[in-house]
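Below is one structure, written out as structure tokens; comments come after it.
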Amino acid sequence: MNVQLPVRSLEARYYTDPKVFEIERNGLLARTWQFAGHASQLEKAGDYFAFEVAGESLFCIKDKTGEIRTFYNVCQHRAHRLVEGDGSARVVVCPYHAWTYELTGELRAGPNLKSVPGFDRKKICLTSVRTEIFLGFIFVNLDDNAKPMDDWFPEARAEIEEFVPHWADLKPLEWVDVDEKCNWKVSVENYSECYHCPSNHPTFASGVIRPETYDIQPQGYCLRHTTECQNLDAMTYPIDLGSNPRAGDYSSWFLWPMFSFQVYPGNLLNTYHWRAIDAGHVVVWRGWYSIGGVDDEVVRKLAIQDRSTTVEEDIRLVESVQRGLQSRGYVPGPLVLDPSCGVMSEHSIQVLQKWMREAVDGAE
Ligand code: FES
Ligand SMILES: [Fe+2]
């Protein structure tokens, strides 16, 4: 007779071992779609900003045709860093010996290059990085052969367009960064189950969602959260339910491994971006948006309410879990997998932990 054993949670070392973190940083982060910034940060040709993915310095820059390109932030002469922070440039000039590059990455000129026999300027170009604009958000992938985002996250783009019909007019209004002393996976797991919601999020569970309808299901490498909402008239901000079919709905799309689009009733888009610092430290960037980026009291209030309730409640949980994962007394417990799924089930954690294992095992 086959005795079915419960599925156990991931072993503690995945969350605590610096070697595992290194494997993720050099492997997983280098072959998945990573958030770079919002397209509205680059308004005109030559606007750029630098950022980091998988320990690499990169920068996004808008060319003269309006295309946003991403390059490794390294000069093709003797490897000096090209740009810092953000700014605007007619051409990219390396600070070391003043080689200049076009906004398309091609070498344009350099002091005394004519004296080099056989020098072919056309053979030198900055190393480009795969870039996709997903509903106004810039994502990059260090893997040139990676499948497009629509393959990784089927249906997500069309669904978010439906929930955020005005997405093309949105600009960032506020970034709130939340420091968590835990492994990024502890925080992502906490985001990806609502088994803890009834006991920890009174505002969320009684004010916005109908917990008995909450579910999280994989959709490719996306974890899709759906729920019915309640008490829309008791919401802390006004909602025009007649404005579009999704005006009263909540939903979220977690894009493996470190980004999530979340929509609150009223078609209010907000985002999560987990930036893993080391094995025991993650910074969660909460992005809030408004039409044209103009000050919007509803969005600001919601950002504050979210920070002081759900986010604050979650920090305590994830930091306690990280301490517990370091305890010799911890034995990974069984996941609560309810065949009918729903809010009191951890089936989404089983999916996540499978992806987490795959990212590390075999690469050790
Ligand atoms: S390293 Fe950039 S010009 Fe020399
Ligand atoms: Fe939570």
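By order in the structure tokens, chains are A, B, ...; within a chain, residues start at 1; ligands start at 1, following the order shown.
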Around ligand 1, at most 8 Å away and counting only C-alpha atoms and all ligand atoms, which residues are there? Put them as a list in words, please.
->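 So, counting only C-alpha atoms and all ligand atoms, the residues near ligand 1 are Val74, Cys75, Gln76, His77, Arg78, Ala79, His80, Arg81, Leu82, Val93, Cys94, Pro95, Tyr96, His97, Ala98, Trp99, Thr100 and Gly110 of chain A.
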Name all residues at most 9 Å from Val343 in chain A (count only C-alpha atoms; drop same-chain ones fewer than 5 positions away) and give them as an NGL selection string.
-> :A and (193-197 or 211-216)
Could you write those residues out with C-alpha atoms, as an mmCIF file, in the first residue's frame?
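The resulting again_36.cif:
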```
data_model
loop_
_atom_site.group_PDB
_atom_site.id
_atom_site.type_symbol
_atom_site.label_atom_id
_atom_site.label_comp_id
_atom_site.auth_asym_id
_atom_site.auth_seq_id
_atom_site.Cartn_x
_atom_site.Cartn_y
_atom_site.Cartn_z
ATOM 1 C CA GLU A 193 0.132 32.786 0.656
ATOM 2 C CA CYS A 194 -2.826 34.123 2.562
ATOM 3 C CA TYR A 195 -3.007 31.273 5.089
ATOM 4 C CA HIS A 196 -1.503 33.842 7.492
ATOM 5 C CA CYS A 197 -3.928 36.643 6.558
ATOM 6 C CA PRO A 211 -10.999 35.710 2.511
ATOM 7 C CA GLU A 212 -13.170 32.713 1.641
ATOM 8 C CA THR A 213 -12.787 33.586 -2.061
ATOM 9 C CA TYR A 214 -9.024 34.249 -2.001
ATOM 10 C CA ASP A 215 -6.954 31.961 -4.152
ATOM 11 C CA ILE A 216 -3.471 31.891 -5.652
#
```
Expected answer as number ranges by chain: residues within 10 Å of ligand 2, only C-alpha atoms and all ligand atoms = A: 187-201, 204, 309-318
Go through range 121-195 of chain A and flag each residue having an atom no more than 8 Å from range 24-38 of chain A; for those, report the closest pair of atoms plus their distance in Å to one decimal, using only C-alpha atoms, ordered by chain and rising number, as JSON lines.
```
{"residue": "A:Gly136", "atom": "CA", "partner": "A:His38", "partner_atom": "CA", "distance": 6.1}
{"residue": "A:Phe137", "atom": "CA", "partner": "A:His38", "partner_atom": "CA", "distance": 4.6}
{"residue": "A:Ile138", "atom": "CA", "partner": "A:Gly37", "partner_atom": "CA", "distance": 5.3}
{"residue": "A:Phe139", "atom": "CA", "partner": "A:Phe35", "partner_atom": "CA", "distance": 4.4}
{"residue": "A:Val140", "atom": "CA", "partner": "A:Gln34", "partner_atom": "CA", "distance": 5.3}
{"residue": "A:Asn141", "atom": "CA", "partner": "A:Trp33", "partner_atom": "CA", "distance": 4.8}
{"residue": "A:Leu142", "atom": "CA", "partner": "A:Ala30", "partner_atom": "CA", "distance": 5.1}
{"residue": "A:Asp143", "atom": "CA", "partner": "A:Arg31", "partner_atom": "CA", "distance": 4.9}
{"residue": "A:Ala146", "atom": "CA", "partner": "A:Arg31", "partner_atom": "CA", "distance": 6.8}
{"residue": "A:Met149", "atom": "CA", "partner": "A:Trp33", "partner_atom": "CA", "distance": 7.2}
{"residue": "A:Lys171", "atom": "CA", "partner": "A:His38", "partner_atom": "CA", "distance": 7.6}
{"residue": "A:Pro172", "atom": "CA", "partner": "A:His38", "partner_atom": "CA", "distance": 7.5}
```
Output of the above residues as a PDB file, in the first residue's frame, restricted to C-alpha atoms:
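After the write, selection_2.pdb holds the following:
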```pdb
ATOM      1  CA  GLY A 136       5.435  50.824 -19.148  1.00  0.00           C
ATOM      2  CA  PHE A 137       7.786  48.888 -16.854  1.00  0.00           C
ATOM      3  CA  ILE A 138      11.308  48.118 -18.047  1.00  0.00           C
ATOM      4  CA  PHE A 139      12.536  44.566 -17.485  1.00  0.00           C
ATOM      5  CA  VAL A 140      15.886  43.117 -18.484  1.00  0.00           C
ATOM      6  CA  ASN A 141      17.273  39.616 -18.793  1.00  0.00           C
ATOM      7  CA  LEU A 142      21.005  38.847 -18.857  1.00  0.00           C
ATOM      8  CA  ASP A 143      20.224  35.637 -20.733  1.00  0.00           C
ATOM      9  CA  ALA A 146      15.532  33.837 -22.519  1.00  0.00           C
ATOM     10  CA  MET A 149       7.970  37.756 -20.851  1.00  0.00           C
ATOM     11  CA  LYS A 171       3.948  57.508 -13.689  1.00  0.00           C
ATOM     12  CA  PRO A 172       5.616  56.704 -10.370  1.00  0.00           C
TER      13      PRO A 172
END
```
Go through A:Gly287, A:Gly85, A:Pro245, A:Gly280 one by one, measure the shortest atom-to-atom distance of each to Ala12 in chain A using only C-alpha atoms, and give the residue with the smallest value.
->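 Smallest distance to Ala12 in chain A is found for A:Gly280.
Distance annotation: of A:Leu337, A:Leu135, A:Ala39, A:Leu255, the residue with the minimal separation from Leu269 in chain A is A:Leu135; atom set is only C-alpha atoms.
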